[in-house]
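Below is structure38.tsv, which holds TSV, C-alpha atoms.
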chain	number	residue	atom	x	y	z
A	1	MET	CA	-121.08	10.54	59.59
A	2	SER	CA	-122.92	7.46	58.31
A	3	LEU	CA	-122.70	4.28	60.36
A	4	TRP	CA	-120.72	2.51	57.66
A	5	LEU	CA	-118.21	5.35	57.52
A	6	THR	CA	-117.88	5.22	61.32
A	7	VAL	CA	-117.31	1.46	61.25
A	8	LEU	CA	-114.77	1.51	58.42
A	9	LEU	CA	-112.89	4.59	59.60
A	10	ALA	CA	-112.55	3.21	63.15
A	11	SER	CA	-111.38	-0.13	61.70
A	12	ALA	CA	-108.82	1.51	59.43
A	13	ILE	CA	-107.39	3.61	62.28
A	14	ALA	CA	-107.32	0.57	64.59
A	15	PHE	CA	-105.34	-1.41	61.99
A	16	ALA	CA	-102.99	1.50	61.31
A	17	LEU	CA	-102.27	1.77	65.05
A	18	LYS	CA	-101.57	-1.98	65.26
A	19	VAL	CA	-99.27	-1.87	62.23
A	20	ALA	CA	-97.45	1.20	63.60
A	21	GLY	CA	-95.83	-0.92	66.30
A	22	TYR	CA	-94.44	-3.30	63.67
A	23	VAL	CA	-93.03	-0.77	61.22
A	24	VAL	CA	-91.03	1.34	63.66
A	25	PRO	CA	-87.46	0.87	62.35
A	26	HIS	CA	-85.50	-1.60	64.45
A	27	THR	CA	-82.61	0.85	64.72
A	28	TRP	CA	-84.80	3.29	66.67
A	29	LEU	CA	-85.37	0.67	69.33
A	30	ASP	CA	-81.90	-0.80	69.47
A	31	GLY	CA	-80.44	1.07	72.44
A	32	PRO	CA	-80.30	-1.05	75.60
A	33	ARG	CA	-82.46	1.46	77.47
A	34	ILE	CA	-85.15	1.60	74.78
A	35	ALA	CA	-85.08	-2.19	74.41
A	36	ARG	CA	-85.71	-2.54	78.14
A	37	MET	CA	-88.52	0.00	77.93
A	38	THR	CA	-90.31	-1.84	75.14
A	39	SER	CA	-89.95	-5.15	76.96
A	40	MET	CA	-91.39	-3.60	80.13
A	41	LEU	CA	-94.19	-1.73	78.34
A	42	PRO	CA	-96.63	-4.65	77.80
A	43	VAL	CA	-96.38	-5.59	81.48
A	44	ALA	CA	-97.02	-2.00	82.57
A	45	LEU	CA	-99.95	-1.63	80.14
A	46	LEU	CA	-101.52	-4.91	81.23
A	47	ALA	CA	-101.07	-4.10	84.94
A	48	ALA	CA	-102.76	-0.74	84.41
A	49	LEU	CA	-105.50	-2.43	82.37
A	50	VAL	CA	-106.21	-5.01	85.09
A	51	ALA	CA	-106.42	-2.24	87.70
A	52	VAL	CA	-108.93	-0.29	85.61
A	53	GLN	CA	-110.91	-3.44	84.68
A	54	ALA	CA	-111.11	-4.76	88.24
A	55	PHE	CA	-111.37	-1.65	90.42
A	56	THR	CA	-113.22	1.11	88.57
A	57	THR	CA	-116.80	1.89	87.56
A	58	SER	CA	-117.59	2.70	83.94
A	59	GLY	CA	-117.03	6.36	84.85
A	60	GLY	CA	-113.56	5.61	86.17
A	61	SER	CA	-114.12	6.02	89.92
A	62	PHE	CA	-112.55	3.54	92.29
A	63	VAL	CA	-114.84	0.77	93.53
A	64	LEU	CA	-114.50	-2.50	95.41
A	65	ASP	CA	-117.08	-5.00	94.18
A	66	ALA	CA	-117.30	-8.67	93.16
A	67	ARG	CA	-114.39	-8.22	90.74
A	68	ALA	CA	-112.08	-7.16	93.58
A	69	GLY	CA	-113.10	-10.25	95.57
A	70	ALA	CA	-112.42	-12.42	92.54
A	71	VAL	CA	-108.99	-10.89	91.90
A	72	ALA	CA	-108.09	-11.33	95.59
A	73	VAL	CA	-109.00	-15.03	95.33
A	74	ALA	CA	-106.96	-15.28	92.11
A	75	VAL	CA	-103.90	-13.75	93.79
A	76	VAL	CA	-104.15	-16.18	96.72
A	77	ALA	CA	-104.49	-19.09	94.28
A	78	LEU	CA	-101.45	-17.86	92.33
A	79	ALA	CA	-99.42	-17.55	95.55
A	80	LEU	CA	-100.37	-21.18	96.28
A	81	ARG	CA	-99.09	-22.09	92.78
A	82	ALA	CA	-102.50	-23.11	91.41
A	83	PRO	CA	-102.52	-23.87	87.66
A	84	PHE	CA	-103.71	-21.20	85.19
A	85	LEU	CA	-107.14	-22.71	84.53
A	86	VAL	CA	-107.86	-23.19	88.23
A	87	VAL	CA	-107.03	-19.53	88.90
A	88	VAL	CA	-109.33	-18.30	86.12
A	89	VAL	CA	-112.23	-20.60	87.04
A	90	LEU	CA	-111.94	-19.80	90.77
A	91	ALA	CA	-112.05	-16.06	90.03
A	92	ALA	CA	-115.11	-16.37	87.79
A	93	ALA	CA	-116.86	-18.58	90.35
A	94	THR	CA	-116.07	-16.13	93.15
A	95	ALA	CA	-117.50	-13.15	91.26
A	96	ALA	CA	-120.56	-15.14	90.17
A	97	ALA	CA	-121.17	-16.40	93.71
A	98	LEU	CA	-120.75	-12.96	95.31
A	99	ARG	CA	-123.28	-11.53	92.84
A	100	ALA	CA	-125.73	-14.45	93.14
A	101	LEU	CA	-125.69	-14.12	96.92
A	102	GLY	CA	-126.15	-10.37	96.66
A	103	TRP	CA	-123.00	-9.74	98.73
A	104	ALA	CA	-121.37	-7.58	96.07
A	105	ALA	CA	-122.35	-5.88	92.84
B	106	MET	CA	-97.86	-20.35	58.46
B	107	THR	CA	-94.45	-21.44	57.32
B	108	ALA	CA	-91.39	-22.44	59.26
B	109	ALA	CA	-90.32	-18.81	59.50
B	110	SER	CA	-93.25	-17.77	61.65
B	111	CYS	CA	-94.07	-21.09	63.26
B	112	PRO	CA	-92.27	-21.99	66.45
B	113	ASP	CA	-90.03	-24.95	65.83
B	114	PRO	CA	-91.76	-27.77	67.73
B	115	ALA	CA	-88.41	-29.37	68.44
B	116	THR	CA	-87.35	-26.43	70.58
B	117	LEU	CA	-90.43	-26.72	72.79
B	118	GLU	CA	-91.01	-29.84	74.84
B	119	PRO	CA	-94.51	-31.36	74.51
B	120	ARG	CA	-95.41	-30.57	78.11
B	121	ARG	CA	-94.68	-26.84	77.64
B	122	ARG	CA	-96.43	-26.88	74.27
B	123	ARG	CA	-99.60	-28.26	75.85
B	124	GLU	CA	-99.33	-25.75	78.69
B	125	VAL	CA	-99.11	-22.78	76.30
B	126	LEU	CA	-101.96	-24.10	74.14
B	127	ARG	CA	-104.13	-24.63	77.21
B	128	GLN	CA	-103.56	-21.00	78.24
B	129	SER	CA	-104.30	-19.80	74.72
B	130	VAL	CA	-107.55	-21.74	74.44
B	131	SER	CA	-108.72	-20.71	77.93
B	132	VAL	CA	-108.12	-17.05	77.13
B	133	GLY	CA	-109.83	-17.53	73.77
B	134	VAL	CA	-112.93	-19.08	75.32
B	135	ALA	CA	-113.23	-16.51	78.14
B	136	THR	CA	-112.80	-13.61	75.70
B	137	GLY	CA	-114.88	-15.16	72.93
B	138	ALA	CA	-117.87	-15.57	75.24
B	139	TYR	CA	-118.01	-11.78	75.45
B	140	GLY	CA	-118.55	-11.69	71.70
B	141	ILE	CA	-122.18	-12.71	72.27
B	142	SER	CA	-122.70	-9.59	74.36
B	143	PHE	CA	-120.97	-7.45	71.79
B	144	GLY	CA	-123.06	-8.81	68.92
B	145	ALA	CA	-126.31	-8.32	70.82
B	146	LEU	CA	-125.36	-4.83	72.03
B	147	SER	CA	-124.21	-3.70	68.62
B	148	VAL	CA	-127.46	-4.71	66.88
B	149	ALA	CA	-129.46	-3.13	69.70
B	150	ALA	CA	-127.45	0.08	69.17
B	151	GLY	CA	-128.74	0.22	65.59
B	152	LEU	CA	-125.82	-1.28	63.66
B	153	SER	CA	-126.70	-3.84	60.99
B	154	LEU	CA	-125.53	-7.46	61.12
B	155	TRP	CA	-122.82	-6.70	58.53
B	156	GLN	CA	-121.63	-3.59	60.33
B	157	THR	CA	-121.42	-5.59	63.55
B	158	MET	CA	-119.46	-8.38	61.86
B	159	ALA	CA	-117.18	-5.84	60.16
B	160	LEU	CA	-116.26	-4.41	63.56
B	161	SER	CA	-115.34	-7.82	65.01
B	162	ALA	CA	-113.37	-8.91	61.93
B	163	LEU	CA	-111.71	-5.60	60.93
B	164	LEU	CA	-111.48	-3.48	64.07
B	165	PHE	CA	-110.96	-6.60	66.26
B	166	SER	CA	-110.23	-4.98	69.61
B	167	GLY	CA	-112.87	-5.60	72.28
B	168	GLY	CA	-112.49	-2.40	74.29
B	169	SER	CA	-112.67	-0.19	71.20
B	170	GLN	CA	-115.66	-2.09	69.80
B	171	PHE	CA	-117.73	-1.85	73.01
B	172	ALA	CA	-116.87	1.86	73.31
B	173	LEU	CA	-117.83	2.56	69.70
B	174	VAL	CA	-121.26	0.90	69.83
B	175	GLY	CA	-121.84	2.42	73.30
B	176	ILE	CA	-121.41	5.91	71.89
B	177	VAL	CA	-123.60	5.12	68.86
B	178	ALA	CA	-126.29	3.72	71.19
B	179	ALA	CA	-126.17	6.86	73.31
B	180	GLY	CA	-126.72	9.00	70.19
B	181	GLY	CA	-123.14	10.33	70.11
B	182	SER	CA	-121.55	11.51	66.88
B	183	GLY	CA	-119.64	9.20	64.57
B	184	LEU	CA	-116.56	11.31	65.11
B	185	ALA	CA	-116.75	10.86	68.90
B	186	ALA	CA	-117.18	7.10	68.41
B	187	VAL	CA	-114.13	6.90	66.11
B	188	ALA	CA	-112.03	9.07	68.44
B	189	THR	CA	-112.77	6.99	71.55
B	190	SER	CA	-112.26	3.74	69.70
B	191	SER	CA	-108.89	5.04	68.44
B	192	LEU	CA	-107.71	6.22	71.86
B	193	LEU	CA	-108.35	2.70	73.17
B	194	GLY	CA	-106.48	1.28	70.18
B	195	ILE	CA	-103.19	3.11	70.78
B	196	ARG	CA	-102.31	0.42	73.34
B	197	ASN	CA	-102.15	-2.19	70.57
B	198	GLY	CA	-99.50	-0.16	68.74
B	199	LEU	CA	-97.36	-0.09	71.86
B	200	TYR	CA	-97.76	-3.86	72.28
B	201	GLY	CA	-96.57	-4.18	68.69
B	202	LEU	CA	-93.17	-2.70	69.55
B	203	GLN	CA	-92.36	-5.72	71.70
B	204	VAL	CA	-94.41	-8.37	69.87
B	205	ALA	CA	-92.71	-7.46	66.56
B	206	ARG	CA	-89.39	-8.14	68.24
B	207	ILE	CA	-90.57	-11.56	69.45
B	208	LEU	CA	-92.08	-12.62	66.11
B	209	ASP	CA	-89.60	-11.02	63.69
B	210	LEU	CA	-91.80	-11.29	60.57
B	211	ARG	CA	-91.89	-9.86	57.05
B	212	GLY	CA	-94.62	-9.11	54.51
B	213	SER	CA	-98.17	-10.40	54.72
B	214	ARG	CA	-97.53	-12.43	57.86
B	215	ARG	CA	-96.57	-9.20	59.56
B	216	ALA	CA	-99.94	-7.66	58.61
B	217	ALA	CA	-101.72	-10.75	59.98
B	218	ALA	CA	-99.74	-10.55	63.22
B	219	ALA	CA	-100.52	-6.84	63.54
B	220	GLN	CA	-104.26	-7.51	63.18
B	221	LEU	CA	-104.03	-10.14	65.97
B	222	THR	CA	-102.04	-7.86	68.31
B	223	ILE	CA	-104.43	-7.22	71.20
B	224	ASP	CA	-104.33	-7.46	75.01
B	225	GLU	CA	-104.87	-11.21	75.13
B	226	SER	CA	-102.36	-12.39	72.50
B	227	THR	CA	-99.72	-10.00	73.88
B	228	ALA	CA	-100.30	-11.12	77.47
B	229	VAL	CA	-99.88	-14.80	76.63
B	230	ALA	CA	-96.79	-14.08	74.50
B	231	VAL	CA	-94.92	-11.97	77.05
B	232	ALA	CA	-95.79	-14.44	79.83
B	233	GLN	CA	-93.59	-17.13	78.24
B	234	PRO	CA	-89.94	-17.38	79.23
B	235	GLU	CA	-88.86	-19.10	75.98
B	236	HIS	CA	-88.94	-17.54	72.53
B	237	ALA	CA	-90.66	-20.51	70.87
B	238	ALA	CA	-93.38	-20.56	73.54
B	239	ALA	CA	-93.92	-16.81	73.16
B	240	ARG	CA	-94.45	-17.19	69.40
B	241	LEU	CA	-96.76	-20.17	69.81
B	242	GLY	CA	-98.70	-18.35	72.55
B	243	PHE	CA	-99.13	-15.24	70.40
B	244	TRP	CA	-100.46	-17.06	67.32
B	245	ALA	CA	-102.56	-19.61	69.19
B	246	THR	CA	-104.20	-16.98	71.41
B	247	GLY	CA	-104.65	-14.47	68.60
B	248	LEU	CA	-106.27	-17.03	66.31
B	249	ALA	CA	-108.40	-18.59	69.08
B	250	VAL	CA	-109.71	-15.18	70.16
B	251	PHE	CA	-110.28	-14.08	66.54
B	252	ALA	CA	-112.24	-17.23	65.63
B	253	LEU	CA	-114.36	-17.35	68.79
B	254	TRP	CA	-114.89	-13.58	69.01
B	255	ASN	CA	-116.24	-13.46	65.45
B	256	LEU	CA	-118.33	-16.62	65.84
B	257	MET	CA	-119.87	-15.40	69.08
B	258	THR	CA	-120.45	-11.91	67.65
B	259	LEU	CA	-122.47	-13.53	64.87
B	260	ALA	CA	-124.43	-15.59	67.40
B	261	GLY	CA	-125.13	-12.53	69.53
B	262	ALA	CA	-126.15	-10.41	66.55
B	263	LEU	CA	-128.52	-13.09	65.21
B	264	LEU	CA	-129.96	-14.48	68.41
B	265	GLY	CA	-129.53	-11.74	71.01
B	266	ASP	CA	-127.80	-12.19	74.30
B	267	LEU	CA	-128.24	-15.93	74.82
B	268	LEU	CA	-126.25	-16.10	78.01
B	269	GLY	CA	-127.67	-12.98	79.59
B	270	ASP	CA	-125.24	-10.62	81.28
B	271	PRO	CA	-121.73	-12.18	81.15
B	272	GLN	CA	-121.10	-10.66	84.57
B	273	ARG	CA	-123.56	-13.17	86.01
B	274	TYR	CA	-121.00	-15.86	85.24
B	275	GLY	CA	-118.12	-13.75	86.51
B	276	LEU	CA	-116.60	-13.52	83.03
B	277	ASP	CA	-115.40	-9.96	83.67
B	278	ALA	CA	-113.48	-11.23	86.70
B	279	ALA	CA	-112.18	-14.22	84.71
B	280	ALA	CA	-110.52	-11.83	82.26
B	281	ALA	CA	-108.85	-9.81	85.03
B	282	ALA	CA	-107.71	-13.02	86.75
B	283	ALA	CA	-106.28	-14.42	83.51
B	284	PHE	CA	-104.20	-11.27	83.01
B	285	CYS	CA	-103.01	-11.50	86.65
B	286	ALA	CA	-102.00	-15.13	86.14
B	287	LEU	CA	-100.14	-14.28	82.93
B	288	LEU	CA	-98.29	-11.36	84.56
B	289	TRP	CA	-97.50	-13.35	87.72
B	290	PRO	CA	-94.23	-15.02	86.65
B	291	ARG	CA	-92.86	-11.67	85.42
B	292	LEU	CA	-93.49	-10.11	88.85
B	293	LYS	CA	-90.70	-12.15	90.46
B	294	ASN	CA	-88.32	-9.52	89.11
B	295	VAL	CA	-88.14	-6.57	91.56
B	296	GLU	CA	-87.95	-3.90	88.88
B	297	THR	CA	-90.85	-5.32	86.85
B	298	ARG	CA	-92.92	-5.63	90.00
B	299	ALA	CA	-92.29	-1.97	90.85
B	300	VAL	CA	-93.19	-0.83	87.33
B	301	ALA	CA	-96.38	-2.94	87.31
B	302	GLY	CA	-97.40	-1.67	90.76
B	303	VAL	CA	-96.81	1.98	89.86
B	304	ALA	CA	-98.67	1.55	86.55
B	305	ALA	CA	-101.69	-0.01	88.30
B	306	LEU	CA	-101.84	2.69	90.99
B	307	ALA	CA	-101.34	5.54	88.54
B	308	ALA	CA	-104.09	4.19	86.29
B	309	LEU	CA	-106.54	4.20	89.22
B	310	LEU	CA	-105.56	7.78	90.09
B	311	VAL	CA	-105.96	9.04	86.50
B	312	ALA	CA	-109.09	6.98	85.64
B	313	PRO	CA	-111.73	9.36	87.09
B	314	HIS	CA	-110.21	12.36	85.32
B	315	ALA	CA	-109.43	11.22	81.77
B	316	PRO	CA	-111.39	9.74	78.84
B	317	ALA	CA	-111.37	5.97	78.28
B	318	GLY	CA	-108.04	4.66	77.02
B	319	ILE	CA	-105.92	7.51	78.34
B	320	PRO	CA	-105.42	6.34	81.97
B	321	VAL	CA	-103.86	3.02	80.96
B	322	LEU	CA	-101.51	4.70	78.43
B	323	VAL	CA	-100.39	7.51	80.71
B	324	ALA	CA	-99.91	5.23	83.70
B	325	ALA	CA	-97.91	2.61	81.81
B	326	LEU	CA	-95.65	5.10	80.04
B	327	ALA	CA	-95.01	7.01	83.28
B	328	ALA	CA	-94.23	3.80	85.17
B	329	VAL	CA	-91.82	2.55	82.51
B	330	VAL	CA	-89.97	5.86	82.23
B	331	ALA	CA	-89.79	6.31	86.02
B	332	GLY	CA	-88.71	2.69	86.52
B	333	LEU	CA	-85.80	3.03	84.14
B	334	ARG	CA	-84.59	6.27	85.72
B	335	ARG	CA	-84.20	4.94	89.22
B	336	PRO	CA	-80.66	3.62	89.56
B	337	GLY	CA	-81.52	1.67	92.71
B	338	LEU	CA	-84.11	-0.37	90.89
B	339	ARG	CA	-81.79	-0.89	87.96
B	340	ARG	CA	-79.13	-2.40	90.19
B	341	ALA	CA	-81.67	-4.57	91.96
B	342	SER	CA	-82.70	-6.19	88.70
B	343	ARG	CA	-79.20	-7.27	87.80
Please go through the file and, once you have read it, give me the structure as structure tokens.
Amino acid sequence: MSLWLTVLLASAIAFALKVAGYVVPHTWLDGPRIARMTSMLPVALLAALVAVQAFTTSGGSFVLDARAGAVAVAVVALALRAPFLVVVVLAAATAAALRALGWAA
Amino acid sequence: MTAASCPDPATLEPRRRREVLRQSVSVGVATGAYGISFGALSVAAGLSLWQTMALSALLFSGGSQFALVGIVAAGGSGLAAVATSSLLGIRNGLYGLQVARILDLRGSRRAAAAQLTIDESTAVAVAQPEHAAARLGFWATGLAVFALWNLMTLAGALLGDLLGDPQRYGLDAAAAAAFCALLWPRLKNVETRAVAGVAALAALLVAPHAPAGIPVLVAALAAVVAGLRRPGLRRASR
């Protein structure tokens, strides 16, 4: 497969997948149970995504490194009601500091 | 945008409006910075400048893009690259189910919204308690990420990785922390907290054994289905 074909085919499928969520007929999703599922789904997906982003290697094995330290600091900051930007900057600074000091990968 | 898709400013007080926009721009900047890495990586993998830009503008989904150029760089087949990219893209379709409900659009605006439906825009939208704020958050984040991601991809493709490894600045952790902060208010609900916790744990259990994209899908679907079946949790949320 040529590179251009790869790029355009992947883009077309990505767009089709995005559109799929919008064109599902409303009546299919109208039941109270289904409506609650679709409202819960983004939260579940994002929670799973954060877990994979923060606690796994590129091969998928569990690991505790600078990202885990940063997320821990973020959670403490959130519990102390820190504003959004402060939480994000503190987490980045924590990970950067842990790596600069060589305390975590 | 017309009045139909634009949140009515009158329904959102200026303080909340600024708050939502601040979140959107922060997420846009943190995500956009990664575009430099993508641009540099993509050109190094052997894609041309135009192919790299096409991916950021047309595919526009960070995880899928990094996976695709990673496979090309490793000498994998085009089919494998497309398959992995697509597995990672299924998530966006599932986001669309809920985002479509929030936005309630028709025609070309719906196509534009679909293209902007990614982790970041969805996270900011579903984090907002009010409808108007959710719409504003979706569009502002989607457009901020789109503009910065494409601009930074171009910079990375032309100039190489100017910043060096984004991990040096903790940008990978910034993304995870931003998602945590956006989910945080939703976790006050017992049922949502249980579903999020189960999804996170399940994803970590599945991650070593499944190809990229699958663990997050399986874990989230399982958590949502299980959460809705447990009558105890259902009562607790009322």
Chain A near chain B within 6 Å: what's each residue's closest atom pair and its distance in Å to one decimal, counting all atoms listed in the file, ordered by chain then ascending residue number, as JSON lines?
{"residue": "A:Met1", "atom": "CA", "partner": "B:Gly183", "partner_atom": "CA", "distance": 5.4}
{"residue": "A:Thr6", "atom": "CA", "partner": "B:Gly183", "partner_atom": "CA", "distance": 5.4}
{"residue": "A:Ala10", "atom": "CA", "partner": "B:Val187", "partner_atom": "CA", "distance": 5.0}
{"residue": "A:Ser11", "atom": "CA", "partner": "B:Leu164", "partner_atom": "CA", "distance": 4.1}
{"residue": "A:Ala14", "atom": "CA", "partner": "B:Gly194", "partner_atom": "CA", "distance": 5.7}
{"residue": "A:Leu17", "atom": "CA", "partner": "B:Gly198", "partner_atom": "CA", "distance": 5.0}
{"residue": "A:Lys18", "atom": "CA", "partner": "B:Gly198", "partner_atom": "CA", "distance": 4.4}
{"residue": "A:Val19", "atom": "CA", "partner": "B:Ala219", "partner_atom": "CA", "distance": 5.3}
{"residue": "A:Ala20", "atom": "CA", "partner": "B:Gly198", "partner_atom": "CA", "distance": 5.7}
{"residue": "A:Gly21", "atom": "CA", "partner": "B:Gly201", "partner_atom": "CA", "distance": 4.1}
{"residue": "A:Tyr22", "atom": "CA", "partner": "B:Ala205", "partner_atom": "CA", "distance": 5.4}
{"residue": "A:Thr38", "atom": "CA", "partner": "B:Gln203", "partner_atom": "CA", "distance": 5.6}
{"residue": "A:Ser39", "atom": "CA", "partner": "B:Gln203", "partner_atom": "CA", "distance": 5.8}
{"residue": "A:Pro42", "atom": "CA", "partner": "B:Tyr200", "partner_atom": "CA", "distance": 5.7}
{"residue": "A:Ala44", "atom": "CA", "partner": "B:Ala325", "partner_atom": "CA", "distance": 4.8}
{"residue": "A:Leu45", "atom": "CA", "partner": "B:Ala325", "partner_atom": "CA", "distance": 5.0}
{"residue": "A:Ala47", "atom": "CA", "partner": "B:Ala305", "partner_atom": "CA", "distance": 5.3}
{"residue": "A:Ala48", "atom": "CA", "partner": "B:Ala305", "partner_atom": "CA", "distance": 4.1}
{"residue": "A:Leu49", "atom": "CA", "partner": "B:Val321", "partner_atom": "CA", "distance": 5.9}
{"residue": "A:Val50", "atom": "CA", "partner": "B:Ala281", "partner_atom": "CA", "distance": 5.5}
{"residue": "A:Ala51", "atom": "CA", "partner": "B:Ala305", "partner_atom": "CA", "distance": 5.3}
{"residue": "A:Gly60", "atom": "CA", "partner": "B:Pro313", "partner_atom": "CA", "distance": 4.3}
{"residue": "A:Ser61", "atom": "CA", "partner": "B:Pro313", "partner_atom": "CA", "distance": 5.0}
{"residue": "A:Arg67", "atom": "CA", "partner": "B:Ala278", "partner_atom": "CA", "distance": 5.1}
{"residue": "A:Val71", "atom": "CA", "partner": "B:Ala282", "partner_atom": "CA", "distance": 5.7}
{"residue": "A:Ala74", "atom": "CA", "partner": "B:Ala282", "partner_atom": "CA", "distance": 5.9}
{"residue": "A:Val88", "atom": "CA", "partner": "B:Ala279", "partner_atom": "CA", "distance": 5.2}
{"residue": "A:Ala91", "atom": "CA", "partner": "B:Ala279", "partner_atom": "CA", "distance": 5.6}
{"residue": "A:Ala92", "atom": "CA", "partner": "B:Gly275", "partner_atom": "CA", "distance": 4.2}
{"residue": "A:Ala95", "atom": "CA", "partner": "B:Gly275", "partner_atom": "CA", "distance": 4.8}
{"residue": "A:Ala96", "atom": "CA", "partner": "B:Gly275", "partner_atom": "CA", "distance": 4.6}
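Those residues that approach Val73 of chain A to within 9 Å, counting only C-alpha atoms, are Ala68, Gly69, Ala70, Val71, Val75, Val76, Ala77, Leu78, Val87, Leu90, Ala91 and Thr94 of chain A; Ala282 of chain B; same-chain residues fewer than 2 positions away are not listed.
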Practice problem: Tell me, in Å to one decimal, how far atom CA of Leu264 of chain B is from atom CA of Leu8 of chain A. | Solution: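 These two atoms are separated by 24.2 Å.
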Self-check item: Two-atom distance - atom CA of Ile176 of chain B, atom CA of Leu267 of chain B (Å)
Solution: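 Atom CA of Leu267 of chain B lies 23.1 Å from atom CA of Ile176 of chain B.
The two atoms in question, atom CA of Ser213 of chain B and atom CA of Leu248 of chain B, are spaced 15.6 Å apart.
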Self-check item: Protein/DNA/RNA residues near (-123.4, -8.1, 67.1), cut 7 Å, only C-alpha atoms, as a ChimeraX atom specification
Solution: /B:143-148,154,157-158,258-259,261-262
Please produce an output containing C-alpha atoms for each residue in the selection, written as a compact mmCIF listing (two decimals), keeping the file's coordinate frame.
# COMPACT_ATOMS: atom_id res chain seq x y z
CA PHE B 143 -120.97 -7.45 71.79
CA GLY B 144 -123.06 -8.81 68.92
CA ALA B 145 -126.31 -8.32 70.82
CA LEU B 146 -125.36 -4.83 72.03
CA SER B 147 -124.21 -3.70 68.62
CA VAL B 148 -127.46 -4.71 66.88
CA LEU B 154 -125.53 -7.46 61.12
CA THR B 157 -121.42 -5.59 63.55
CA MET B 158 -119.46 -8.38 61.86
CA THR B 258 -120.45 -11.91 67.65
CA LEU B 259 -122.47 -13.53 64.87
CA GLY B 261 -125.13 -12.53 69.53
CA ALA B 262 -126.15 -10.41 66.55
